[in-house]
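With TSV, C-alpha atoms inside, this is start-v5.tsv:
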chain	number	residue	atom	x	y	z
A	17	MET	CA	24.86	-43.25	118.20
A	18	ILE	CA	21.81	-41.07	117.67
A	19	THR	CA	19.72	-39.84	120.57
A	20	LEU	CA	16.46	-37.91	120.67
A	21	ARG	CA	15.57	-35.08	123.03
A	22	LYS	CA	13.01	-32.30	123.30
A	23	ALA	CA	14.11	-28.98	121.87
A	24	VAL	CA	14.61	-26.07	124.26
A	25	ALA	CA	14.84	-22.32	123.69
A	26	LYS	CA	18.58	-22.33	122.96
A	27	ASP	CA	17.98	-24.71	120.01
A	28	VAL	CA	16.06	-22.12	118.01
A	29	LYS	CA	19.04	-21.30	115.77
A	30	ALA	CA	19.57	-24.99	114.91
A	31	ILE	CA	15.84	-25.42	114.28
A	32	MET	CA	15.73	-22.43	111.91
A	33	ASN	CA	18.81	-23.79	110.11
A	34	LEU	CA	16.96	-27.06	109.49
A	35	VAL	CA	13.80	-25.19	108.43
A	36	ASN	CA	15.81	-23.22	105.91
A	37	GLU	CA	17.66	-26.30	104.65
A	38	LEU	CA	14.31	-28.04	104.02
A	39	ALA	CA	12.87	-24.96	102.29
A	40	VAL	CA	15.86	-24.90	99.91
A	41	TYR	CA	15.35	-28.62	99.18
A	42	GLU	CA	11.66	-27.87	98.50
A	43	ASN	CA	12.61	-25.04	96.10
A	44	ALA	CA	10.96	-22.39	98.24
A	45	PRO	CA	13.63	-20.62	100.32
A	46	GLU	CA	12.02	-17.23	99.57
A	47	GLN	CA	8.85	-18.37	101.34
A	48	VAL	CA	10.53	-18.43	104.75
A	49	SER	CA	9.57	-15.17	106.44
A	50	ASN	CA	9.80	-16.70	109.93
A	51	THR	CA	12.63	-15.59	112.21
A	52	GLU	CA	14.48	-16.96	115.22
A	53	GLU	CA	12.87	-14.26	117.37
A	54	ARG	CA	9.36	-15.18	116.28
A	55	MET	CA	10.02	-18.89	116.70
A	56	LEU	CA	11.48	-18.33	120.17
A	57	GLU	CA	8.34	-16.50	121.26
A	58	GLU	CA	5.84	-18.82	119.57
A	59	GLY	CA	7.53	-22.12	120.40
A	60	PHE	CA	9.09	-21.50	123.79
A	61	GLY	CA	7.00	-18.70	125.31
A	62	PRO	CA	3.78	-18.93	127.35
A	63	LYS	CA	1.56	-19.46	124.26
A	64	LYS	CA	3.38	-22.51	122.92
A	65	ALA	CA	2.34	-23.22	119.31
A	66	PHE	CA	4.43	-26.33	118.58
A	67	GLU	CA	6.67	-29.05	119.99
A	68	CYS	CA	9.99	-30.16	118.56
A	69	ILE	CA	12.17	-33.24	119.01
A	70	LEU	CA	15.81	-33.14	117.98
A	71	ALA	CA	18.10	-35.94	116.82
A	72	GLU	CA	21.71	-35.62	118.01
A	73	SER	CA	24.87	-37.54	117.30
A	74	GLU	CA	28.60	-36.85	117.75
A	75	ASN	CA	28.04	-34.39	114.86
A	76	GLY	CA	25.66	-32.28	116.94
A	77	ILE	CA	22.02	-31.67	116.00
A	78	ILE	CA	21.41	-33.63	112.80
A	79	GLY	CA	17.63	-33.58	112.46
A	80	MET	CA	14.26	-32.71	113.91
A	81	ALA	CA	10.57	-33.47	113.98
A	82	LEU	CA	8.46	-30.37	114.58
A	83	TYR	CA	4.83	-31.09	115.38
A	84	TYR	CA	1.57	-30.02	116.98
A	85	PHE	CA	-1.97	-31.31	117.24
A	86	ARG	CA	-4.74	-30.70	114.75
A	87	TYR	CA	-8.41	-31.56	114.56
A	88	SER	CA	-9.82	-33.46	111.64
A	89	THR	CA	-13.60	-33.16	111.49
A	90	TRP	CA	-13.52	-36.52	109.67
A	91	LYS	CA	-11.12	-38.36	111.99
A	92	GLY	CA	-10.87	-36.48	115.31
A	93	ARG	CA	-7.67	-35.44	117.05
A	94	ARG	CA	-4.52	-35.96	114.96
A	95	LEU	CA	-0.83	-35.34	115.43
A	96	TYR	CA	0.46	-33.13	112.62
A	97	LEU	CA	4.07	-33.50	111.63
A	98	GLU	CA	4.89	-30.07	110.24
A	99	ASP	CA	8.56	-30.73	109.41
A	100	LEU	CA	10.65	-33.89	109.43
A	101	VAL	CA	14.22	-32.97	108.48
A	102	VAL	CA	17.57	-34.72	108.60
A	103	THR	CA	20.49	-32.59	107.47
A	104	GLU	CA	21.78	-33.72	104.07
A	105	SER	CA	25.14	-35.16	105.19
A	106	GLN	CA	23.40	-37.32	107.81
A	107	ARG	CA	20.70	-38.93	105.68
A	108	GLY	CA	20.76	-42.71	105.68
A	109	THR	CA	21.89	-42.87	109.32
A	110	GLY	CA	18.46	-43.93	110.58
A	111	ALA	CA	17.77	-40.56	112.22
A	112	GLY	CA	14.62	-40.04	110.12
A	113	LYS	CA	13.18	-43.38	111.17
A	114	LEU	CA	13.95	-42.68	114.84
A	115	LEU	CA	12.18	-39.32	114.64
A	116	PHE	CA	9.20	-40.64	112.67
A	117	ASP	CA	8.72	-43.59	115.05
A	118	ALA	CA	8.85	-41.19	117.99
A	119	MET	CA	6.02	-39.21	116.35
A	120	ILE	CA	3.85	-42.34	116.02
A	121	GLU	CA	4.51	-43.14	119.66
A	122	THR	CA	3.64	-39.58	120.75
A	123	ALA	CA	0.43	-39.56	118.69
A	124	LYS	CA	-0.67	-42.82	120.30
A	125	GLN	CA	0.15	-41.59	123.81
A	126	GLU	CA	-1.90	-38.47	123.12
A	127	ASP	CA	-5.00	-40.47	122.11
A	128	CYS	CA	-4.87	-39.35	118.51
A	129	SER	CA	-6.76	-41.34	115.88
A	130	GLY	CA	-3.72	-41.03	113.65
A	131	MET	CA	-1.10	-38.65	112.32
A	132	MET	CA	-0.88	-36.43	109.25
A	133	TRP	CA	1.75	-34.61	107.26
A	134	GLN	CA	2.37	-33.37	103.72
A	135	VAL	CA	4.90	-34.29	101.08
A	136	LEU	CA	5.66	-32.74	97.69
A	137	ASP	CA	4.55	-35.11	94.91
A	138	TRP	CA	8.04	-35.13	93.31
A	139	ASN	CA	9.88	-35.93	96.56
A	140	LYS	CA	10.44	-39.63	95.80
A	141	PRO	CA	13.00	-40.33	98.56
A	142	ALA	CA	10.51	-39.09	101.17
A	143	ILE	CA	7.59	-40.97	99.57
A	144	ASN	CA	9.67	-44.18	99.49
A	145	PHE	CA	10.34	-43.70	103.19
A	146	TYR	CA	6.66	-43.09	104.03
A	147	ASP	CA	5.63	-46.08	101.89
A	148	LYS	CA	7.36	-48.34	104.44
A	149	TYR	CA	4.53	-47.39	106.82
A	150	SER	CA	0.81	-47.85	105.97
A	151	THR	CA	0.67	-44.30	104.64
A	152	ARG	CA	-2.47	-43.20	102.82
A	153	TYR	CA	-2.08	-40.32	100.33
A	154	ASP	CA	-4.78	-37.81	99.30
A	155	GLU	CA	-4.34	-36.01	96.01
A	156	GLY	CA	-6.20	-33.05	94.59
A	157	TRP	CA	-6.02	-30.70	97.55
A	158	LEU	CA	-4.66	-27.19	97.12
A	159	ASN	CA	-3.07	-25.43	100.07
A	160	CYS	CA	-4.60	-21.95	100.34
A	161	HIS	CA	-2.96	-19.02	102.08
A	162	LEU	CA	-3.96	-15.53	103.01
A	163	ASP	CA	-1.01	-13.49	104.30
A	164	PHE	CA	-1.56	-10.39	106.42
B	23	MET	CA	-30.85	-11.79	108.90
B	24	ILE	CA	-27.80	-13.95	109.56
B	25	THR	CA	-26.00	-13.83	112.90
B	26	LEU	CA	-22.80	-15.50	114.04
B	27	ARG	CA	-22.15	-17.05	117.43
B	28	LYS	CA	-19.67	-19.41	119.05
B	29	ALA	CA	-20.71	-23.05	119.04
B	30	VAL	CA	-21.46	-24.71	122.38
B	31	ALA	CA	-21.72	-28.36	123.42
B	32	LYS	CA	-25.37	-28.73	122.44
B	33	ASP	CA	-24.50	-27.77	118.84
B	34	VAL	CA	-22.47	-30.94	118.27
B	35	LYS	CA	-25.26	-32.66	116.34
B	36	ALA	CA	-25.67	-29.69	113.97
B	37	ILE	CA	-21.88	-29.49	113.51
B	38	MET	CA	-21.61	-33.20	112.63
B	39	ASN	CA	-24.51	-32.77	110.18
B	40	LEU	CA	-22.57	-30.01	108.41
B	41	VAL	CA	-19.36	-32.10	108.50
B	42	ASN	CA	-21.20	-34.98	106.87
B	43	GLU	CA	-22.87	-32.74	104.29
B	44	LEU	CA	-19.46	-31.35	103.28
B	45	ALA	CA	-17.94	-34.85	103.12
B	46	VAL	CA	-20.71	-35.95	100.73
B	47	TYR	CA	-20.07	-32.87	98.58
B	48	GLU	CA	-16.36	-33.74	98.59
B	49	ASN	CA	-17.16	-37.34	97.51
B	50	ALA	CA	-15.72	-38.82	100.69
B	51	PRO	CA	-18.60	-39.61	103.10
B	52	GLU	CA	-17.01	-42.98	103.94
B	53	GLN	CA	-13.97	-41.14	105.34
B	54	VAL	CA	-15.91	-39.70	108.26
B	55	SER	CA	-15.16	-41.94	111.23
B	56	ASN	CA	-15.65	-39.11	113.72
B	57	THR	CA	-18.69	-39.22	116.02
B	58	GLU	CA	-20.76	-36.75	118.02
B	59	GLU	CA	-19.38	-38.29	121.23
B	60	ARG	CA	-15.77	-37.83	120.16
B	61	MET	CA	-16.40	-34.29	118.94
B	62	LEU	CA	-18.15	-33.38	122.18
B	63	GLU	CA	-15.15	-34.53	124.20
B	64	GLU	CA	-12.48	-33.08	121.90
B	65	GLY	CA	-14.16	-29.77	121.12
B	66	PHE	CA	-16.00	-28.95	124.33
B	67	GLY	CA	-14.10	-30.82	127.03
B	68	PRO	CA	-11.05	-29.72	129.06
B	69	LYS	CA	-8.57	-30.48	126.22
B	70	LYS	CA	-10.23	-28.31	123.59
B	71	ALA	CA	-8.89	-29.14	120.12
B	72	PHE	CA	-10.85	-26.65	117.97
B	73	GLU	CA	-13.13	-23.65	117.94
B	74	CYS	CA	-16.31	-23.28	115.90
B	75	ILE	CA	-18.46	-20.35	114.84
B	76	LEU	CA	-22.02	-20.92	113.65
B	77	ALA	CA	-24.14	-18.90	111.25
B	78	GLU	CA	-27.82	-18.78	112.15
B	79	SER	CA	-30.91	-17.37	110.45
B	80	GLU	CA	-34.66	-17.88	110.85
B	81	ASN	CA	-33.92	-21.30	109.29
B	82	GLY	CA	-31.73	-22.31	112.26
B	83	ILE	CA	-28.05	-23.19	111.96
B	84	ILE	CA	-27.16	-22.74	108.30
B	85	GLY	CA	-23.36	-22.86	108.32
B	86	MET	CA	-20.14	-22.98	110.28
B	87	ALA	CA	-16.45	-22.19	110.32
B	88	LEU	CA	-14.45	-24.73	112.33
B	89	TYR	CA	-10.89	-23.67	113.06
B	90	TYR	CA	-7.81	-23.93	115.24
B	91	PHE	CA	-4.28	-22.59	115.24
B	92	ARG	CA	-1.31	-24.12	113.45
B	93	TYR	CA	2.36	-23.35	113.25
B	94	SER	CA	4.05	-22.81	109.91
B	95	THR	CA	7.83	-23.07	110.22
B	96	TRP	CA	7.96	-20.79	107.17
B	97	LYS	CA	5.41	-18.17	108.29
B	98	GLY	CA	4.86	-18.51	112.05
B	99	ARG	CA	1.51	-18.78	113.81
B	100	ARG	CA	-1.46	-19.24	111.44
B	101	LEU	CA	-5.18	-19.68	111.82
B	102	TYR	CA	-6.26	-22.88	110.10
B	103	LEU	CA	-9.79	-23.04	108.73
B	104	GLU	CA	-10.56	-26.74	108.83
B	105	ASP	CA	-14.13	-26.54	107.50
B	106	LEU	CA	-16.16	-23.71	106.04
B	107	VAL	CA	-19.65	-25.01	105.26
B	108	VAL	CA	-22.95	-23.43	104.36
B	109	THR	CA	-25.81	-25.90	103.98
B	110	GLU	CA	-26.82	-26.32	100.33
B	111	SER	CA	-30.22	-24.60	100.45
B	112	GLN	CA	-28.66	-21.50	102.07
B	113	ARG	CA	-25.75	-20.89	99.70
B	114	GLY	CA	-25.75	-17.44	98.12
B	115	THR	CA	-27.18	-15.80	101.25
B	116	GLY	CA	-23.84	-14.24	102.25
B	117	ALA	CA	-23.34	-16.62	105.18
B	118	GLY	CA	-20.05	-17.90	103.76
B	119	LYS	CA	-18.64	-14.40	103.45
B	120	LEU	CA	-19.72	-13.51	106.99
B	121	LEU	CA	-17.99	-16.63	108.35
B	122	PHE	CA	-14.84	-16.19	106.28
B	123	ASP	CA	-14.52	-12.51	107.22
B	124	ALA	CA	-14.92	-13.47	110.90
B	125	MET	CA	-12.00	-15.90	110.46
B	126	ILE	CA	-9.77	-13.17	109.04
B	127	GLU	CA	-10.71	-10.93	111.96
B	128	THR	CA	-9.98	-13.70	114.48
B	129	ALA	CA	-6.63	-14.52	112.91
B	130	LYS	CA	-5.60	-10.85	113.08
B	131	GLN	CA	-6.73	-10.52	116.70
B	132	GLU	CA	-4.69	-13.62	117.55
B	133	ASP	CA	-1.48	-12.17	116.08
B	134	CYS	CA	-1.33	-14.69	113.25
B	135	SER	CA	0.80	-13.93	110.21
B	136	GLY	CA	-2.06	-15.19	108.06
B	137	MET	CA	-4.57	-17.96	107.63
B	138	MET	CA	-4.58	-21.26	105.76
B	139	TRP	CA	-7.08	-23.80	104.52
B	140	GLN	CA	-7.42	-26.40	101.77
B	141	VAL	CA	-9.72	-26.71	98.78
B	142	LEU	CA	-10.22	-29.55	96.29
B	143	ASP	CA	-8.85	-28.54	92.90
B	144	TRP	CA	-12.20	-29.26	91.14
B	145	ASN	CA	-14.28	-27.19	93.57
B	146	LYS	CA	-14.71	-24.16	91.32
B	147	PRO	CA	-17.47	-22.40	93.31
B	148	ALA	CA	-15.23	-22.41	96.38
B	149	ILE	CA	-12.16	-21.32	94.41
B	150	ASN	CA	-14.16	-18.48	92.82
B	151	PHE	CA	-15.13	-17.36	96.32
B	152	TYR	CA	-11.54	-17.52	97.63
B	153	ASP	CA	-10.29	-15.68	94.53
B	154	LYS	CA	-12.17	-12.59	95.76
B	155	TYR	CA	-9.56	-12.41	98.54
B	156	SER	CA	-5.80	-12.29	97.90
B	157	THR	CA	-5.61	-16.06	98.18
B	158	ARG	CA	-2.35	-17.76	97.25
B	159	TYR	CA	-2.58	-21.41	96.15
B	160	ASP	CA	0.15	-24.06	96.50
B	161	GLU	CA	-0.04	-27.09	94.24
B	162	GLY	CA	1.86	-30.36	94.35
B	163	TRP	CA	1.40	-31.25	98.00
B	164	LEU	CA	0.00	-34.65	98.95
B	165	ASN	CA	-1.84	-35.05	102.24
B	166	CYS	CA	-0.40	-38.07	104.05
B	167	HIS	CA	-2.24	-40.03	106.72
B	168	LEU	CA	-1.38	-42.80	109.10
B	169	ASP	CA	-4.46	-44.18	110.86
B	170	PHE	CA	-4.14	-46.13	114.11

What does this structure look like when you write it as structure tokens?
Amino acid sequence: MITLRKAVAKDVKAIMNLVNELAVYENAPEQVSNTEERMLEEGFGPKKAFECILAESENGIIGMALYYFRYSTWKGRRLYLEDLVVTESQRGTGAGKLLFDAMIETAKQEDCSGMMWQVLDWNKPAINFYDKYSTRYDEGWLNCHLDF
Amino acid sequence: MITLRKAVAKDVKAIMNLVNELAVYENAPEQVSNTEERMLEEGFGPKKAFECILAESENGIIGMALYYFRYSTWKGRRLYLEDLVVTESQRGTGAGKLLFDAMIETAKQEDCSGMMWQVLDWNKPAINFYDKYSTRYDEGWLNCHLDF
């Protein structure tokens, strides 16, 4: 049985493990400069920058949805799903669907006009999953970064 | 002379005009379902979802930078520049650089590890502008949307 719960400060290690697992899958482990200390402060301190829901089973923490709210000048307030991760050995258990459906529910409760996320164009398993919903894809956008 | 100031509630009409002008330039005017009423509530009400800085000259409001904060699980807290717009007749006046530099300053003051934004891959004038900074571009990401 899989249950969902809100992440708390002591989950930071498990969250960073999932972040790193996803970054390896996305061929970008070297891009992770974030740390448990930084995430503890920014996610669980007074200036909370994100929310996180965890999926748990008898195997412990097996996945997460990390999210926050954004503002689309075209569409208004949106939930942004920064990371949806299920650890590799636990894929196909339905944890991803539970987490994703919880995000839709949260976005609706928060009066969002919709939700947004990103996927790499070669990540067919993820795209197949998102295709089961009425997902609309926008191509041609480059992500731009300036690092200090 | 161009000056910058924070947008206030009465600027909503000018902001939506710039949003619509940018959407036309990006070949997506039909995607704008946002309204002045919604933006007034979401940007200037108690549950503030974004910040906006305006550029003004003797010609009135000539541009804006609309932004908020995001959380990168890879990089930590980031400023996100949702829209940088200078109205067509006022491009080349330096307003874009003033606004963009103000965003860098704000991101640093807010202890962000960097800033992020998106650009359409065919928008060469914008890319040429961003190239003057140490901008890093990520390709291959699709923007995904679920509209309620």

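Closest approach to Val41 of chain B among A:Ser88, A:Leu70, A:Leu158, A:Asp163 is made by A:Ser88 (distances from all atoms listed in the file).
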
Taking all atoms listed in the file into account, what are the residues of chain B at most 7 Å from chain A, put as an mmCIF file with C-alpha atoms, keeping the file's coordinate frame?
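What ended up in result_38.cif:
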data_model
loop_
_atom_site.group_PDB
_atom_site.id
_atom_site.type_symbol
_atom_site.label_atom_id
_atom_site.label_comp_id
_atom_site.auth_asym_id
_atom_site.auth_seq_id
_atom_site.Cartn_x
_atom_site.Cartn_y
_atom_site.Cartn_z
ATOM 1 C CA VAL B 41 -19.360 -32.100 108.500
ATOM 2 C CA GLN B 53 -13.970 -41.140 105.340
ATOM 3 C CA VAL B 54 -15.910 -39.700 108.260
ATOM 4 C CA SER B 55 -15.160 -41.940 111.230
ATOM 5 C CA ASN B 56 -15.650 -39.110 113.720
ATOM 6 C CA MET B 61 -16.400 -34.290 118.940
ATOM 7 C CA ALA B 71 -8.890 -29.140 120.120
ATOM 8 C CA PHE B 72 -10.850 -26.650 117.970
ATOM 9 C CA ARG B 92 -1.310 -24.120 113.450
ATOM 10 C CA TYR B 93 2.360 -23.350 113.250
ATOM 11 C CA THR B 95 7.830 -23.070 110.220
ATOM 12 C CA TRP B 96 7.960 -20.790 107.170
ATOM 13 C CA LYS B 97 5.410 -18.170 108.290
ATOM 14 C CA GLY B 98 4.860 -18.510 112.050
ATOM 15 C CA SER B 135 0.800 -13.930 110.210
ATOM 16 C CA GLY B 136 -2.060 -15.190 108.060
ATOM 17 C CA MET B 137 -4.570 -17.960 107.630
ATOM 18 C CA MET B 138 -4.580 -21.260 105.760
ATOM 19 C CA TRP B 139 -7.080 -23.800 104.520
ATOM 20 C CA GLN B 140 -7.420 -26.400 101.770
ATOM 21 C CA VAL B 141 -9.720 -26.710 98.780
ATOM 22 C CA LEU B 142 -10.220 -29.550 96.290
ATOM 23 C CA ASP B 143 -8.850 -28.540 92.900
ATOM 24 C CA SER B 156 -5.800 -12.290 97.900
ATOM 25 C CA THR B 157 -5.610 -16.060 98.180
ATOM 26 C CA ARG B 158 -2.350 -17.760 97.250
ATOM 27 C CA TYR B 159 -2.580 -21.410 96.150
ATOM 28 C CA ASP B 160 0.150 -24.060 96.500
ATOM 29 C CA GLU B 161 -0.040 -27.090 94.240
ATOM 30 C CA GLY B 162 1.860 -30.360 94.350
ATOM 31 C CA TRP B 163 1.400 -31.250 98.000
ATOM 32 C CA LEU B 164 0.000 -34.650 98.950
ATOM 33 C CA ASN B 165 -1.840 -35.050 102.240
ATOM 34 C CA CYS B 166 -0.400 -38.070 104.050
ATOM 35 C CA HIS B 167 -2.240 -40.030 106.720
ATOM 36 C CA LEU B 168 -1.380 -42.800 109.100
ATOM 37 C CA ASP B 169 -4.460 -44.180 110.860
ATOM 38 C CA PHE B 170 -4.140 -46.130 114.110
#

* **Atomic separation - atom CA of Val101 of chain A relative to atom CA of Glu72 of chain A, Å** => 12.4 Å

* Asked: What is the atom CA of Ile78 of chain A to atom CA of Glu104 of chain A distance in Å?
  ->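 These two atoms are separated by 8.7 Å.
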
Could you list, as a JSON list (two decimals) with C-alpha atoms, keeping the file's coordinate frame, every residue within 9 Å of Leu106 of chain B, counting all atoms listed in the file and ignoring same-chain residues fewer than 3 positions away?
[["chain", "number", "residue", "atom", "x", "y", "z"],
["B", 44, "LEU", "CA", -19.46, -31.35, 103.28],
["B", 85, "GLY", "CA", -23.36, -22.86, 108.32],
["B", 86, "MET", "CA", -20.14, -22.98, 110.28],
["B", 87, "ALA", "CA", -16.45, -22.19, 110.32],
["B", 88, "LEU", "CA", -14.45, -24.73, 112.33],
["B", 89, "TYR", "CA", -10.89, -23.67, 113.06],
["B", 103, "LEU", "CA", -9.79, -23.04, 108.73],
["B", 118, "GLY", "CA", -20.05, -17.90, 103.76],
["B", 121, "LEU", "CA", -17.99, -16.63, 108.35],
["B", 122, "PHE", "CA", -14.84, -16.19, 106.28]]

* **Straight-line distance linking atom CA of Glu52 of chain A with atom CA of Ala118 of chain A, stated in Å to one decimal** =>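 According to the coordinates, atom CA of Glu52 of chain A and atom CA of Ala118 of chain A are separated by 25.0 Å.
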
* Place a sphere of radius 6 Å on (22.3, -27.8, 115.1) in the file coordinates and name every protein, DNA or RNA residue with an atom inside or on its surface, counting only C-alpha atoms; give the answer as a PyMOL selection string. => chain A and resi 30+76-77

* **Proximity to Val108 of chain B - best of B:Glu43, B:Lys146, B:Glu59, B:Glu80, all atoms listed in the file** =>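 Counting all atoms listed in the file, the residue closest to Val108 of chain B is B:Glu43.
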
* Asked: What's the 12 Å shell around Asn81 of chain B, counting only C-alpha atoms, without same-chain residues fewer than 5 positions away, as a VMD selection string?
  -> chain B and resid 23 to 25 109 111 to 112 115
